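Q: Pasting a structure below so you can have a look.
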Amino acid sequence: MTFKNKGLGVYLPVIIAVSIVIGILLGRFYRGSTAESKFIIIPKANKLDNVLNYIENEYVDEVSKTAIIESAIPKILQELDPHSQYIPAADLQKVNEPLEGNFSGIGIQFNMLDDTLVVIQTTPNGPSQKVGILAGDRIIRVDSIHVAGQKLPSDSIVNRLRGPRGTHVLVEVSRRNVDELLSFDIIRDNIPLNSVDAAYMIGDGIGYIKLNKFSATTEAEFVENVNRLRANGLQKLILDLRENGGGYMNAAVFIADQFLNGNEMIVYTQGKARERQDFSSNPGGLCTDLGIAILIDENSASASEILAGAIQDNDRGVIIGRRSFGKGLVQEQKSLADGSAIRLTIARYYTPTGRSIQRPYNNDIIDYYSELNERFLHGELENADSNKFADSLKYITPAGKTVFGGGGIMPDIFVPIDTIGITDYFIDIRNKGLIYRFSLSYSDENREMLSKLNSANEFIETLEKQKILRRFVAFAAKEGVKEVPGEITISEKIIKSQLYAYVARNFIGDNGFYQIIERIDTTLQKAVEVVKEQ
């Protein structure tokens, strides 16, 4: 076979090869020039900025650099420790409100009953009470929006009720024995968030204060309640910090200061970039003449541990309960330009003897918070001997008492978690929230009778006569929890006490609740026994 055009046959492969090379070069030139027109790596810029800019400019789909940053910052902080935290601008007010001690709203306590928000109590002299809203009222509409029976999350309804101070909200309620809806134009105002749940005399000369957090209002609340109890003969105080997750360090330092003599160490902090800072007591504390017992458990953390550690290390009082959580990292909050904030760990807390409150942690936040479950599985909540401490973590108080570091505060007197009366039946009704739900429904149906009662004892006597346990068992059966007579008998005291306490809370508040719960609170009972002997 021969070519008619030998020149073409010889040069055709060369022409094709040259064309391919030119195409490759043009492709490279095209890609390079296009990339350079959109994005340039800046050598002196930090790597993170370069990566974010590269993604924003060159990623195959449209992405938001802001959204990437919002999702990345929490992960960065999570790599540091379990308590450094990023707070988006939209969440900052909600996060700060409990510590600031107030929020702006209409001033009601409520619960959800059959997908409807039911008013339990109104804040004294609050916006709702001033316009005439009553306990038992059902909120049907908020600013003409139907909210009852709509299966709306309670948060979404609350968000409609809350708003800036001085603004108006129109609330329409259904009231028992009134045919038409009642309309109320409510002007929102600041509503206090109390840190003291309960304060009352629990026995001759013995007072009890339940503190749920350390907030901006804690100091004033504490002083007010101590003075009120003093007027009733207060000589010894039981301060309950169980389930108290902490709050402002200054509030804990203030309360410790009230019990200590002058120039006694309360706590000190220290970090890589923060020099040691000591916090010591001043002379003339409000409670230096009082006996003191502090109750703690595995959910007492941070500021609670500062206070308990100060009392324990100065040999000032007795700590009763179970080992505390072990949060000894100091966070500092910094605001960012867009209204968000970062709470960054900048130091550690140390008790007066030098113990670090913080327990060990790794970068797995799930493992960190699951440690409380491990305590239960290892028997630490049931047996003091199961709490093991290394000799290297041993410290000695001025009076010669041995205390241990390594995370949390180990009480002077251990009280195991109470399992008496716990049966499968009780666990079932508890997990389904049936005691709480029944108490709310029963309170609503019997409001006229129950609103005439004024004390915890009156509620106990009245509800005993009403045979409320029998009614509850029937209610639970309708909710799918089969009656088990033997187990109900074993759990009878704890079920009845909780029923009575929740009903009483709906009418006489938390003081009534805790006065009834005393009957099954073994830690509090032990504390009363101990302070009587002080």
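Following the order of the structure tokens, first chain is A, next is B, and so on, with residues numbered from 1 inside each chain and ligands from 1 in the order they appear.
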Val473 in chain A: which residues within 9 Å, counting only C-alpha atoms, same-chain residues fewer than 5 positions away excluded, as a PyMOL selection string?

A: chain A and resi 468+478+481-483+488

Q: Between A:Leu113, A:Ser84, A:Ser64, A:Asn190, which has the minimum distance to Gly126 in chain A (counting only C-alpha atoms)?

A: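 Checking each of A:Leu113, A:Ser84, A:Ser64, A:Asn190 against Gly126 in chain A, counting only C-alpha atoms, the winner is A:Asn190.
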
Q: Could you give me, as a PyMOL selection string, the residues within 8 Å of Leu381 in chain A, counting only C-alpha atoms and dropping anything in the same chain fewer than 2 positions from it?

A: chain A and resi 322+375-376+379+383-384+416-417

Q: Give me a file of those residues, with C-alpha atoms, as a JSON list (two decimals), in the first residue's frame.

A:
[["chain", "number", "residue", "atom", "x", "y", "z"],
["A", 322, "ARG", "CA", -21.46, 12.08, 97.28],
["A", 375, "ARG", "CA", -19.35, 6.05, 88.74],
["A", 376, "PHE", "CA", -22.71, 4.32, 89.06],
["A", 379, "GLY", "CA", -20.41, 1.36, 92.69],
["A", 383, "ASN", "CA", -20.23, 2.70, 98.51],
["A", 384, "ALA", "CA", -17.68, 5.21, 99.78],
["A", 416, "PRO", "CA", -25.17, 6.50, 99.15],
["A", 417, "ILE", "CA", -27.77, 7.02, 96.47]]

Q: Determine, counting only C-alpha atoms, which protein, DNA and RNA residues have an atom within 9 Å of an atom of range 43-54 of chain A; residues of the same chain fewer than 6 positions away are not included. Present the result as JSON, numbers by chain.

A: {"A": [65, 68, 69]}

Q: Keeping only N, CA and C atoms, take the residues you just selected and write them out as a PDB file, in the first residue's frame.

A:
ATOM      1  N   LYS A  65     -19.117  31.155  53.648  1.00  0.00           N
ATOM      2  CA  LYS A  65     -17.949  31.189  54.512  1.00  0.00           C
ATOM      3  C   LYS A  65     -18.373  31.377  55.974  1.00  0.00           C
ATOM      4  N   ILE A  68     -19.545  28.095  57.409  1.00  0.00           N
ATOM      5  CA  ILE A  68     -18.420  27.203  57.685  1.00  0.00           C
ATOM      6  C   ILE A  68     -17.748  27.599  59.006  1.00  0.00           C
ATOM      7  N   ILE A  69     -17.563  28.905  59.195  1.00  0.00           N
ATOM      8  CA  ILE A  69     -16.936  29.385  60.422  1.00  0.00           C
ATOM      9  C   ILE A  69     -17.797  29.043  61.638  1.00  0.00           C
TER      10      ILE A  69
END

Q: Could you name the residues that touch Gln258 in chain A at 10 Å or less, counting only C-alpha atoms, but leaving out those on the same chain fewer than 5 positions away, as a PyMOL selection string?

A: chain A and resi 223+253+281-290

Q: Go ahead and save the picked residues with N, CA and C atoms, as a PDB file, in the first residue's frame.

A:
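Result went into part_29.pdb, see below:
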ATOM      1  N   VAL A 223     -28.437  36.619 101.519  1.00  0.00           N
ATOM      2  CA  VAL A 223     -28.487  37.478 102.698  1.00  0.00           C
ATOM      3  C   VAL A 223     -29.933  37.653 103.169  1.00  0.00           C
ATOM      4  N   VAL A 253     -17.658  32.791  96.162  1.00  0.00           N
ATOM      5  CA  VAL A 253     -16.677  33.407  97.062  1.00  0.00           C
ATOM      6  C   VAL A 253     -17.391  34.237  98.121  1.00  0.00           C
ATOM      7  N   SER A 281     -11.037  35.573 102.644  1.00  0.00           N
ATOM      8  CA  SER A 281     -12.202  36.078 103.357  1.00  0.00           C
ATOM      9  C   SER A 281     -11.903  37.394 104.065  1.00  0.00           C
ATOM     10  N   ASN A 282     -12.962  38.116 104.358  1.00  0.00           N
ATOM     11  CA  ASN A 282     -12.889  39.374 105.100  1.00  0.00           C
ATOM     12  C   ASN A 282     -13.499  39.176 106.489  1.00  0.00           C
ATOM     13  N   PRO A 283     -13.074  39.959 107.461  1.00  0.00           N
ATOM     14  CA  PRO A 283     -13.666  39.850 108.806  1.00  0.00           C
ATOM     15  C   PRO A 283     -15.141  40.264 108.775  1.00  0.00           C
ATOM     16  N   GLY A 284     -15.902  39.746 109.734  1.00  0.00           N
ATOM     17  CA  GLY A 284     -17.277  40.207 109.913  1.00  0.00           C
ATOM     18  C   GLY A 284     -18.308  39.545 109.035  1.00  0.00           C
ATOM     19  N   GLY A 285     -18.097  38.275 108.664  1.00  0.00           N
ATOM     20  CA  GLY A 285     -19.065  37.570 107.837  1.00  0.00           C
ATOM     21  C   GLY A 285     -20.410  37.404 108.526  1.00  0.00           C
ATOM     22  N   LEU A 286     -21.467  37.354 107.729  1.00  0.00           N
ATOM     23  CA  LEU A 286     -22.829  37.271 108.249  1.00  0.00           C
ATOM     24  C   LEU A 286     -23.101  35.986 109.026  1.00  0.00           C
ATOM     25  N   CYS A 287     -22.407  34.895 108.677  1.00  0.00           N
ATOM     26  CA  CYS A 287     -22.759  33.581 109.229  1.00  0.00           C
ATOM     27  C   CYS A 287     -21.645  32.945 110.066  1.00  0.00           C
ATOM     28  N   THR A 288     -20.722  33.738 110.563  1.00  0.00           N
ATOM     29  CA  THR A 288     -19.594  33.152 111.295  1.00  0.00           C
ATOM     30  C   THR A 288     -20.037  32.480 112.591  1.00  0.00           C
ATOM     31  N   ASP A 289     -21.208  32.813 113.086  1.00  0.00           N
ATOM     32  CA  ASP A 289     -21.703  32.221 114.338  1.00  0.00           C
ATOM     33  C   ASP A 289     -22.587  31.003 114.098  1.00  0.00           C
ATOM     34  N   LEU A 290     -22.822  30.648 112.837  1.00  0.00           N
ATOM     35  CA  LEU A 290     -23.726  29.545 112.528  1.00  0.00           C
ATOM     36  C   LEU A 290     -22.966  28.246 112.277  1.00  0.00           C
TER      37      LEU A 290
END

Q: Of the candidates A:Ile157, A:Ile191, A:Leu237, A:Ala216, which one gets nearest to Asn96 in chain A if we count only C-alpha atoms?

A: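 Counting only C-alpha atoms, the residue closest to Asn96 in chain A is A:Ala216.
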
Q: In terms of the shortest atom-to-atom distance over only C-alpha atoms, which of A:Val95, A:Leu80, A:Leu229, A:Val484 is closest to Phe426 in chain A?

A: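 That would be A:Val484, the residue with the smallest distance to Phe426 in chain A.
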
Q: Could you tell me how far CA of Ile495 in chain A lies from CA of Ile420 in chain A, in Å and to one decimal?

A: 11.8 Å
